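Note: the block below is target_38.csv and it holds CSV, C-alpha atoms and all ligand atoms.
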```csv
chain,number,residue,atom,x,y,z
A,1,MET,CA,17.2,-22.3,5.8
A,2,PHE,CA,16.7,-21.0,2.2
A,3,GLN,CA,16.7,-24.2,0.3
A,4,HIS,CA,13.0,-24.3,-0.2
A,5,LEU,CA,12.8,-20.8,-1.9
A,6,SER,CA,12.2,-20.4,-5.6
A,7,PRO,CA,12.7,-17.1,-7.5
A,8,LEU,CA,9.8,-14.7,-7.7
A,9,ALA,CA,8.6,-13.1,-10.9
A,10,PRO,CA,10.3,-9.7,-11.5
A,11,ASP,CA,8.5,-6.7,-10.0
A,12,PRO,CA,5.8,-5.6,-12.6
A,13,ILE,CA,7.2,-2.1,-12.8
A,14,LEU,CA,10.9,-2.2,-11.8
A,15,GLY,CA,11.4,-5.4,-13.8
A,16,LEU,CA,10.8,-3.3,-17.0
A,17,MET,CA,13.7,-1.0,-16.2
A,18,GLN,CA,16.1,-4.0,-16.2
A,19,ALA,CA,14.6,-5.4,-19.4
A,20,PHE,CA,14.8,-2.1,-21.1
A,21,ARG,CA,18.4,-1.6,-20.2
A,22,ALA,CA,19.4,-5.0,-21.5
A,23,ASP,CA,17.6,-4.5,-24.9
A,24,ASN,CA,19.9,-3.6,-27.8
A,25,ASN,CA,17.2,-2.4,-30.2
A,26,ALA,CA,18.1,1.1,-31.3
A,27,HIS,CA,14.4,2.0,-31.5
A,28,LYS,CA,13.5,0.9,-28.0
A,29,ILE,CA,11.2,3.1,-26.0
A,30,ASP,CA,10.8,3.1,-22.2
A,31,LEU,CA,7.2,3.9,-21.2
A,32,GLY,CA,7.5,1.8,-18.1
A,33,VAL,CA,8.7,3.1,-14.7
A,34,GLY,CA,7.3,6.4,-13.6
A,35,VAL,CA,10.3,8.7,-13.9
A,36,TYR,CA,10.3,12.0,-15.7
A,37,LYS,CA,12.2,12.1,-19.0
A,38,ASP,CA,13.2,15.1,-21.1
A,39,GLU,CA,13.1,15.5,-24.9
A,40,GLN,CA,16.5,13.6,-25.0
A,41,GLY,CA,15.0,10.7,-23.0
A,42,SER,CA,17.2,11.5,-20.0
A,43,THR,CA,16.1,12.1,-16.4
A,44,PRO,CA,18.3,15.0,-15.5
A,45,VAL,CA,19.2,16.4,-12.1
A,46,MET,CA,17.0,19.5,-11.7
A,47,ARG,CA,18.9,22.8,-11.7
A,48,ALA,CA,17.9,23.8,-8.2
A,49,VAL,CA,18.8,20.4,-6.9
A,50,LYS,CA,22.3,20.7,-8.5
A,51,GLU,CA,22.8,24.1,-7.0
A,52,ALA,CA,21.6,23.1,-3.5
A,53,GLU,CA,23.8,20.0,-3.6
A,54,ARG,CA,26.8,22.2,-4.5
A,55,ARG,CA,26.1,24.5,-1.6
A,56,LEU,CA,25.5,21.6,0.7
A,57,LEU,CA,28.8,19.9,-0.1
A,58,ALA,CA,30.6,23.2,0.5
A,59,THR,CA,28.9,24.0,3.8
A,60,GLN,CA,28.0,20.8,5.6
A,61,THR,CA,30.0,20.3,8.8
A,62,THR,CA,28.7,17.1,10.2
A,63,LYS,CA,27.2,13.7,9.3
A,64,THR,CA,26.0,12.9,12.8
A,65,TYR,CA,22.6,11.3,13.3
A,66,VAL,CA,19.5,13.4,12.8
A,67,GLY,CA,16.8,11.2,14.5
A,68,PRO,CA,13.8,9.0,13.6
A,69,ALA,CA,11.6,12.0,12.7
A,70,GLY,CA,14.2,13.5,10.4
A,71,ALA,CA,15.0,17.2,10.1
A,72,VAL,CA,12.6,19.6,11.9
A,73,GLN,CA,12.8,22.3,9.3
A,74,TYR,CA,12.4,19.8,6.4
A,75,ASN,CA,9.2,18.5,8.0
A,76,GLU,CA,7.8,21.9,8.5
A,77,LEU,CA,8.5,23.1,5.0
A,78,VAL,CA,7.0,19.9,3.5
A,79,ALA,CA,3.9,20.3,5.7
A,80,GLN,CA,3.5,23.8,4.3
A,81,LEU,CA,4.1,22.6,0.8
A,82,ILE,CA,1.3,20.1,0.9
A,83,LEU,CA,-1.1,21.7,3.3
A,84,GLY,CA,-0.5,25.4,2.4
A,85,LYS,CA,0.8,27.8,5.0
A,86,ASP,CA,-2.6,28.5,6.6
A,87,LEU,CA,-3.7,24.9,7.2
A,88,ALA,CA,-0.2,23.9,8.3
A,89,ALA,CA,-0.4,26.7,10.9
A,90,SER,CA,-4.0,26.0,12.0
A,91,THR,CA,-3.4,22.3,12.5
A,92,GLN,CA,0.1,22.7,14.1
A,93,SER,CA,-0.9,21.6,17.6
A,94,ARG,CA,-2.5,18.4,16.4
A,95,ARG,CA,-0.3,17.6,13.4
A,96,CYS,CA,3.0,15.8,13.1
A,97,THR,CA,5.2,15.3,10.0
A,98,PHE,CA,8.0,12.7,9.7
A,99,GLN,CA,10.7,12.7,7.1
A,100,THR,CA,10.7,9.3,5.5
A,101,PRO,CA,12.8,7.2,3.1
A,102,GLY,CA,10.8,8.2,0.0
A,103,GLY,CA,7.0,7.8,-0.5
A,104,CYS,CA,7.3,4.0,-0.1
A,105,GLY,CA,9.0,4.5,3.3
A,106,GLY,CA,6.2,6.9,4.3
A,107,LEU,CA,3.5,4.4,3.2
A,108,ARG,CA,5.1,1.5,5.1
A,109,LEU,CA,5.7,3.7,8.2
A,110,ALA,CA,2.0,4.8,8.1
A,111,ALA,CA,0.8,1.2,7.7
A,112,GLU,CA,2.9,-0.1,10.5
A,113,PHE,CA,1.8,2.8,12.7
A,114,ILE,CA,-1.9,2.2,11.9
A,115,ASN,CA,-1.5,-1.5,12.5
A,116,LYS,CA,0.1,-1.0,15.9
A,117,SER,CA,-2.7,1.4,16.8
A,118,ASN,CA,-5.6,-0.7,15.3
A,119,PRO,CA,-4.3,-4.2,14.4
A,120,GLY,CA,-5.7,-5.5,11.1
A,121,ALA,CA,-7.5,-2.2,10.3
A,122,ARG,CA,-9.2,-2.3,6.9
A,123,ILE,CA,-8.0,0.1,4.1
A,124,PHE,CA,-10.1,0.6,1.0
A,125,VAL,CA,-7.9,1.2,-2.1
A,126,SER,CA,-9.0,2.1,-5.6
A,127,ASP,CA,-9.4,-0.5,-8.3
A,128,PRO,CA,-7.0,-0.2,-9.9
A,129,THR,CA,-4.2,1.3,-7.7
A,130,TRP,CA,-0.4,1.4,-7.8
A,131,ALA,CA,0.8,-2.2,-7.7
A,132,ASN,CA,3.1,-1.5,-4.8
A,133,HIS,CA,0.4,-0.2,-2.5
A,134,ILE,CA,-0.7,-3.7,-1.8
A,135,PRO,CA,2.6,-5.1,-0.4
A,136,LEU,CA,3.5,-1.8,1.3
A,137,LEU,CA,0.2,-1.7,3.2
A,138,GLY,CA,-0.9,-5.3,3.3
A,139,ASP,CA,2.4,-6.8,4.5
A,140,ALA,CA,2.3,-4.5,7.5
A,141,GLY,CA,-0.9,-6.3,8.5
A,142,LEU,CA,-3.7,-4.0,7.1
A,143,GLN,CA,-6.6,-5.7,5.5
A,144,ILE,CA,-7.0,-4.6,1.9
A,145,ALA,CA,-10.5,-3.9,0.5
A,146,THR,CA,-11.2,-2.2,-2.9
A,147,TYR,CA,-13.6,0.3,-4.3
A,148,PRO,CA,-14.4,0.6,-8.0
A,149,TYR,CA,-12.6,3.6,-9.6
A,150,TYR,CA,-11.7,3.5,-13.3
A,151,ASP,CA,-14.1,2.5,-16.0
A,152,TYR,CA,-11.9,1.0,-18.8
A,153,ALA,CA,-14.7,1.2,-21.3
A,154,THR,CA,-15.5,4.9,-20.9
A,155,HIS,CA,-12.1,6.0,-19.6
A,156,SER,CA,-13.7,7.8,-16.7
A,157,ILE,CA,-14.1,7.5,-12.9
A,158,LYS,CA,-17.0,5.2,-11.8
A,159,PHE,CA,-17.9,7.8,-9.2
A,160,ASP,CA,-21.3,6.5,-8.3
A,161,ALA,CA,-20.0,2.9,-7.8
A,162,MET,CA,-17.1,4.2,-5.8
A,163,MET,CA,-19.4,6.1,-3.5
A,164,THR,CA,-21.7,3.2,-3.1
A,165,ALA,CA,-18.7,0.9,-2.1
A,166,LEU,CA,-17.4,3.5,0.3
A,167,GLN,CA,-20.6,3.4,2.2
A,168,GLN,CA,-19.1,0.3,3.8
A,169,ALA,CA,-16.2,2.3,5.2
A,170,LYS,CA,-16.9,3.1,8.8
A,171,VAL,CA,-15.1,4.4,11.9
A,172,GLY,CA,-11.8,2.5,12.2
A,173,ASP,CA,-11.5,2.0,8.4
A,174,LEU,CA,-9.2,3.9,6.1
A,175,VAL,CA,-9.8,5.1,2.5
A,176,LEU,CA,-6.7,5.5,0.4
A,177,LEU,CA,-7.1,8.3,-2.2
A,178,HIS,CA,-4.5,9.5,-4.8
A,179,GLY,CA,-4.1,13.2,-4.1
A,180,CYS,CA,-3.4,13.9,-7.8
A,181,CYS,CA,-2.1,12.2,-11.0
A,182,HIS,CA,-3.8,8.9,-10.2
A,183,ASN,CA,-1.3,6.0,-10.6
A,184,PRO,CA,-1.9,4.0,-12.8
A,185,CYS,CA,-4.9,5.6,-14.7
A,186,GLY,CA,-4.3,9.4,-14.7
A,187,ALA,CA,-8.0,10.0,-14.0
A,188,ASP,CA,-8.3,12.5,-11.1
A,189,LEU,CA,-11.3,13.3,-8.9
A,190,ASN,CA,-12.8,16.8,-9.6
A,191,GLN,CA,-13.5,19.3,-6.9
A,192,GLU,CA,-17.2,18.3,-6.5
A,193,GLN,CA,-16.1,14.6,-6.1
A,194,TRP,CA,-13.6,15.5,-3.4
A,195,LYS,CA,-16.3,17.4,-1.6
A,196,ALA,CA,-18.6,14.4,-1.7
A,197,ILE,CA,-15.8,12.2,-0.3
A,198,ARG,CA,-15.3,14.8,2.5
A,199,ASP,CA,-19.0,14.7,3.3
A,200,LEU,CA,-19.0,10.9,3.4
A,201,ALA,CA,-15.9,10.8,5.6
A,202,LEU,CA,-17.6,13.2,8.0
A,203,LYS,CA,-20.9,11.2,8.0
A,204,ASN,CA,-19.4,7.7,8.3
A,205,GLY,CA,-16.3,8.5,10.2
A,206,PHE,CA,-13.6,6.7,8.2
A,207,THR,CA,-10.1,8.1,8.1
A,208,PRO,CA,-8.9,9.4,4.7
A,209,PHE,CA,-5.4,8.5,3.8
A,210,ILE,CA,-4.0,10.4,0.8
A,211,ASP,CA,-1.0,9.3,-1.3
A,212,LEU,CA,0.5,12.5,-2.8
A,213,ALA,CA,3.4,11.3,-5.0
A,214,TYR,CA,3.1,13.6,-8.0
A,215,GLN,CA,2.4,17.1,-6.5
A,216,GLY,CA,3.1,19.7,-9.2
A,217,LEU,CA,2.8,17.3,-12.2
A,218,GLY,CA,-0.9,17.6,-12.6
A,219,ASP,CA,-2.3,21.1,-12.6
A,220,GLY,CA,0.2,22.9,-10.3
A,221,VAL,CA,1.9,22.8,-6.9
A,222,ASP,CA,-1.1,24.2,-5.0
A,223,GLU,CA,-3.8,23.1,-7.4
A,224,ASP,CA,-2.7,19.4,-6.9
A,225,CYS,CA,-3.4,19.7,-3.2
A,226,PHE,CA,-7.1,20.6,-3.5
A,227,GLY,CA,-8.2,17.3,-2.0
A,228,VAL,CA,-5.5,17.2,0.7
A,229,ARG,CA,-6.4,20.7,1.9
A,230,LEU,CA,-10.2,20.3,1.6
A,231,LEU,CA,-10.1,17.2,3.8
A,232,GLY,CA,-7.4,18.6,6.1
A,233,GLU,CA,-9.7,21.5,6.9
A,234,ALA,CA,-12.7,19.3,7.6
A,235,VAL,CA,-12.0,15.9,9.0
A,236,PRO,CA,-10.7,15.2,12.5
A,237,GLU,CA,-8.0,12.8,11.4
A,238,LEU,CA,-6.1,12.7,8.1
A,239,ILE,CA,-3.0,10.8,6.9
A,240,VAL,CA,-1.0,12.1,4.0
A,241,VAL,CA,2.1,10.5,2.5
A,242,SER,CA,4.0,12.7,0.1
A,243,SER,CA,7.0,12.1,-2.1
A,244,CYS,CA,9.7,14.3,-3.5
A,245,SER,CA,11.0,11.7,-5.9
A,246,LYS,CA,9.2,13.0,-8.9
A,247,ASN,CA,8.6,16.7,-8.3
A,248,PHE,CA,12.2,17.3,-7.2
A,249,GLY,CA,13.6,14.4,-9.3
A,250,VAL,CA,15.5,13.0,-6.3
A,251,TYR,CA,14.3,9.4,-6.9
A,252,ARG,CA,17.3,7.5,-5.6
A,253,GLU,CA,17.9,9.8,-2.7
A,254,ARG,CA,14.6,8.5,-1.1
A,255,VAL,CA,12.9,11.7,0.1
A,256,GLY,CA,9.3,11.6,1.4
A,257,ALA,CA,7.1,12.5,4.4
A,258,LEU,CA,4.3,11.1,6.5
A,259,THR,CA,2.0,13.8,7.9
A,260,VAL,CA,-0.7,12.8,10.4
A,261,ILE,CA,-3.4,15.2,11.6
A,262,CYS,CA,-5.0,13.9,14.8
A,263,GLU,CA,-8.2,14.9,16.6
A,264,THR,CA,-6.5,16.5,19.6
A,265,PRO,CA,-3.0,17.7,20.6
A,266,ALA,CA,-2.9,14.8,23.1
A,267,SER,CA,-3.6,12.1,20.5
A,268,MET,CA,-1.0,13.8,18.2
A,269,LYS,CA,1.6,13.5,21.0
A,270,ALA,CA,0.9,9.9,21.5
A,271,SER,CA,0.7,9.1,17.8
A,272,SER,CA,3.9,11.0,17.2
A,273,SER,CA,5.7,8.9,19.8
A,274,LEU,CA,4.4,5.7,18.3
A,275,ILE,CA,5.4,6.7,14.8
A,276,ALA,CA,8.9,7.6,16.1
A,277,ALA,CA,9.2,4.2,17.8
A,278,THR,CA,7.9,2.5,14.7
A,279,ALA,CA,10.5,4.2,12.4
A,280,ARG,CA,13.2,3.3,14.9
A,281,GLY,CA,12.2,-0.3,14.7
A,282,ILE,CA,12.2,-0.4,10.9
A,283,TYR,CA,15.0,1.8,9.6
A,284,SER,CA,16.0,3.8,12.7
A,285,MET,CA,16.1,7.1,10.8
A,286,PRO,CA,15.7,8.4,7.2
A,287,PRO,CA,18.6,9.3,4.9
A,288,ASP,CA,19.5,12.9,5.1
A,289,HIS,CA,21.2,14.0,1.8
A,290,GLY,CA,18.1,14.4,-0.4
A,291,ALA,CA,15.9,15.8,2.3
A,292,THR,CA,18.5,18.5,3.1
A,293,ILE,CA,18.6,19.5,-0.6
A,294,VAL,CA,14.8,19.8,-0.6
A,295,GLU,CA,14.9,21.8,2.6
A,296,MET,CA,17.5,24.2,1.1
A,297,ILE,CA,15.4,24.7,-2.0
A,298,LEU,CA,12.1,25.3,-0.2
A,299,SER,CA,13.8,27.8,2.2
A,300,ASP,CA,15.6,29.8,-0.4
A,301,ALA,CA,13.4,32.2,-2.5
A,302,ALA,CA,15.6,32.0,-5.6
A,303,LEU,CA,16.1,28.3,-5.6
A,304,ARG,CA,12.5,27.7,-4.9
A,305,SER,CA,11.4,29.9,-7.8
A,306,ASP,CA,13.8,28.1,-10.1
A,307,TRP,CA,12.5,24.7,-8.9
A,308,GLU,CA,8.9,25.8,-9.5
A,309,SER,CA,9.7,27.1,-13.0
A,310,GLU,CA,11.5,23.8,-14.0
A,311,LEU,CA,8.6,21.8,-12.5
A,312,THR,CA,6.2,23.9,-14.6
A,313,ASP,CA,8.2,23.1,-17.7
A,314,MET,CA,8.1,19.4,-16.9
A,315,ARG,CA,4.3,19.5,-16.3
A,316,GLU,CA,3.7,21.5,-19.5
A,317,ARG,CA,5.9,19.1,-21.5
A,318,ILE,CA,3.9,16.1,-20.3
A,319,ASN,CA,0.6,17.8,-21.1
A,320,GLY,CA,1.9,18.7,-24.6
A,321,LEU,CA,2.9,15.1,-25.1
A,322,ARG,CA,-0.6,13.9,-24.2
A,323,SER,CA,-2.0,16.1,-27.0
A,324,LEU,CA,0.8,15.2,-29.4
A,325,LEU,CA,0.2,11.5,-29.0
A,326,VAL,CA,-3.6,11.8,-29.5
A,327,ASN,CA,-3.1,13.9,-32.6
A,328,ARG,CA,-0.4,11.7,-34.1
A,329,LEU,CA,-2.5,8.6,-33.6
A,330,LYS,CA,-5.4,10.3,-35.4
A,331,ALA,CA,-3.2,11.6,-38.2
A,332,ALA,CA,-1.8,8.1,-38.7
A,333,GLY,CA,-5.3,6.8,-39.3
A,334,VAL,CA,-5.7,4.8,-36.1
A,335,ASP,CA,-9.5,4.3,-35.8
A,336,ARG,CA,-9.6,4.0,-32.0
A,337,ASP,CA,-10.4,7.1,-30.1
A,338,PHE,CA,-7.5,7.9,-27.7
A,339,SER,CA,-8.7,11.5,-26.9
A,340,PHE,CA,-9.2,10.6,-23.3
A,341,ILE,CA,-5.4,10.7,-22.8
A,342,GLN,CA,-5.6,14.4,-23.3
A,343,GLY,CA,-7.8,15.0,-20.3
A,344,GLU,CA,-5.8,12.7,-17.9
A,345,LYS,CA,-3.2,14.0,-15.5
A,346,GLY,CA,0.4,13.3,-14.5
A,347,MET,CA,2.7,10.8,-16.0
A,348,PHE,CA,0.3,7.9,-16.6
A,349,SER,CA,-2.6,6.8,-18.7
A,350,PHE,CA,-3.8,3.4,-19.8
A,351,LEU,CA,-3.7,2.7,-23.5
A,352,GLY,CA,-6.6,0.4,-23.0
A,353,ILE,CA,-5.1,-2.5,-25.1
A,354,THR,CA,-5.0,-6.2,-24.1
A,355,VAL,CA,-2.1,-8.0,-22.3
A,356,PRO,CA,-1.2,-9.9,-25.5
A,357,GLN,CA,-1.0,-6.5,-27.4
A,358,VAL,CA,1.2,-5.1,-24.7
A,359,GLN,CA,3.4,-8.1,-24.9
A,360,GLN,CA,3.6,-7.7,-28.6
A,361,LEU,CA,4.7,-4.1,-28.2
A,362,VAL,CA,7.4,-5.3,-25.8
A,363,LYS,CA,8.7,-8.3,-27.7
A,364,ASP,CA,8.3,-7.3,-31.3
A,365,TYR,CA,8.9,-3.5,-31.0
A,366,SER,CA,11.0,-3.1,-27.8
A,367,ILE,CA,8.3,-0.6,-26.5
A,368,TYR,CA,8.3,-1.2,-22.7
A,369,LEU,CA,5.1,-0.6,-20.7
A,370,VAL,CA,3.3,-2.3,-17.8
A,371,ASP,CA,1.0,-5.3,-18.6
A,372,SER,CA,-2.0,-3.2,-17.6
A,373,SER,CA,-1.2,-1.0,-20.6
A,374,ARG,CA,-0.1,1.9,-18.4
A,375,ILE,CA,2.3,4.2,-20.2
A,376,ASN,CA,4.6,6.8,-18.8
A,377,VAL,CA,3.7,9.7,-21.2
A,378,ALA,CA,7.0,11.4,-20.3
A,379,GLY,CA,8.9,8.6,-22.2
A,380,ILE,CA,7.6,10.0,-25.5
A,381,ASN,CA,9.6,12.5,-27.5
A,382,ASP,CA,9.9,13.9,-31.0
A,383,ALA,CA,12.4,11.3,-32.0
A,384,ASN,CA,10.4,8.2,-31.0
A,385,ILE,CA,6.8,9.2,-31.5
A,386,GLU,CA,6.5,8.1,-35.1
A,387,TYR,CA,7.9,4.7,-34.2
A,388,LEU,CA,5.5,4.4,-31.3
A,389,VAL,CA,2.5,5.5,-33.3
A,390,GLN,CA,3.3,3.1,-36.2
A,391,SER,CA,4.0,0.2,-33.9
A,392,LEU,CA,0.8,0.7,-32.0
A,393,LYS,CA,-1.1,1.0,-35.2
A,394,LYS,CA,0.2,-2.4,-36.3
A,395,VAL,CA,-0.5,-4.0,-32.9
A,396,LEU,CA,-4.1,-2.7,-33.0
A,397,LYS,CA,-4.8,-4.3,-36.5
B,401,LIG,C1,5.8,3.9,-10.8
B,401,LIG,O1,4.7,3.7,-10.5
B,401,LIG,O2,6.3,3.6,-11.9
B,401,LIG,C2,6.7,4.6,-9.9
B,401,LIG,O3,6.0,5.0,-8.8
B,401,LIG,C3,8.0,3.8,-9.5
B,401,LIG,C4,7.7,2.7,-8.7
B,401,LIG,O4,8.4,2.6,-7.7
B,401,LIG,O5,6.9,1.8,-9.0
```
For the structure just supplied, provide its representation as structure tokens.
Amino acid sequence: MFQHLSPLAPDPILGLMQAFRADNNAHKIDLGVGVYKDEQGSTPVMRAVKEAERRLLATQTTKTYVGPAGAVQYNELVAQLILGKDLAASTQSRRCTFQTPGGCGGLRLAAEFINKSNPGARIFVSDPTWANHIPLLGDAGLQIATYPYYDYATHSIKFDAMMTALQQAKVGDLVLLHGCCHNPCGADLNQEQWKAIRDLALKNGFTPFIDLAYQGLGDGVDEDCFGVRLLGEAVPELIVVSSCSKNFGVYRERVGALTVICETPASMKASSSLIAATARGIYSMPPDHGATIVEMILSDAALRSDWESELTDMRERINGLRSLLVNRLKAAGVDRDFSFIQGEKGMFSFLGITVPQVQQLVKDYSIYLVDSSRINVAGINDANIEYLVQSLKKVLK
């Protein structure tokens, strides 16, 4: 049965985690997988998460099944977190939110649901996009098309080319947009660009599909939902997949959500039943532990305010590191202009170096980053920045 199989190449992102762990170089730096790291290079459990977990262990009385949609209160609180209270309320009769096993589970559930409703539907994704979007959406049966997004030469969004390509997206097509903190390039749409996309969606009738994996790590918890809320107010149908992995730091607990706004309450009812049946057919129901922690934090004023304040510190640390890297490269006499890194958002930016240069950083200096030259800025700290800057300087010569 399995004799014909040969091993696949390691996952382009997760493979770096294993390679980094196995490396004995004391100077090694992990700029690979998108997890937040503090000044000590650790990914700590957030204070509010620790406290909610403590309370949960003390008070939980049952581990019985929850159901394919997950917890009702979690779903409502997450809908309010991403849409804002007003839009969550005004769309209530035609919206459903499903707790999912992380953002990946949400993306796959959405793709399977779309494919059951419209087999082989076409989804336009940005070029580049997060590597895992392709299998998560494509393996469910969706046809992947691309639209130009990032200009590697000018380090900016090719907005005109993007809009020209999206003229092809019509009724029955979907357009995948990164809600904030674009993965992998860090270049986000501005408010005018979001408005132009909204207008095009209304004119041509495609369905926007927003992946919101980094809420709170760009400009702020509400600010990062500008696009989600703008489209949610305007378009008849919207799909949003959100993740709590990064902003609550509950990566391995697998906490996410799929929110679907439909044109009418009747189509929401039908869609909701199809999503539930789809979840039941894939994983039956999502894991509970992390979602209950998120629910406890969002429903308790003190925990929520502590969570927001720690998230603010994380965001400000990342933004500070962006400036620090640019300034230290300049101070070290590196000719190339890296100032674009300062204006990008979230954990990621491309260094804009070649694949052989990336591989040299990995092999000769134990600095781990994705072949595309995507770095996780949060992996930089005071103790490793000099080594990073000097290594990059040598590789660029
Ligand atoms: C990343 O892009 O590094 C993260 O989203 C982790 C992952 O699963 O790829």
Local residues around (-9.7, 20.2, 0.8), at most 10 Å away, using only C-alpha atoms, as a VMD selection string: chain A and resid 83 87 191 194 to 195 198 225 to 235
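Picture a line from atom CA of A:Gly103 to atom CA of A:Val358; it runs 28.0 Å.
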Long-range neighbours of A:Ala71 as an MDAnalysis selection string, 12 Å cut-off, all atoms listed in the file, 2 positions minimum in chain: chainID A and resid 65:69 73:78 97:100 255:257 285:296
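Counting all atoms listed in the file and comparing A:Lys397, A:Lys363, A:Arg252, A:Lys269, the residue that lies closest to ligand LIG 401 (chain B) is A:Arg252.
Of the residues listed (A:Arg47, A:His182, A:Arg317, A:His133), A:His182 shows the shortest atom-to-atom separation from A:Ile157; distances use only C-alpha atoms.
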Within 9 Å of ligand LIG 401 (chain B), which residues show up when you count all atoms listed in the file? List them as a compact mmCIF listing (two decimals) with C-alpha atoms, in the frame of the given file, please.
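Result file is out_38.txt:
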```
# COMPACT_ATOMS: atom_id res chain seq x y z
CA ASP A 11 8.50 -6.70 -10.00
CA PRO A 12 5.80 -5.60 -12.60
CA ILE A 13 7.20 -2.10 -12.80
CA LEU A 14 10.90 -2.20 -11.80
CA GLY A 32 7.50 1.80 -18.10
CA VAL A 33 8.70 3.10 -14.70
CA GLY A 34 7.30 6.40 -13.60
CA VAL A 35 10.30 8.70 -13.90
CA GLY A 103 7.00 7.80 -0.50
CA CYS A 104 7.30 4.00 -0.10
CA TRP A 130 -0.40 1.40 -7.80
CA ALA A 131 0.80 -2.20 -7.70
CA ASN A 132 3.10 -1.50 -4.80
CA ASN A 183 -1.30 6.00 -10.60
CA PRO A 184 -1.90 4.00 -12.80
CA ALA A 213 3.40 11.30 -5.00
CA SER A 245 11.00 11.70 -5.90
CA LYS A 246 9.20 13.00 -8.90
CA TYR A 251 14.30 9.40 -6.90
CA PHE A 348 0.30 7.90 -16.60
CA VAL A 370 3.30 -2.30 -17.80
CA ASN A 376 4.60 6.80 -18.80
```
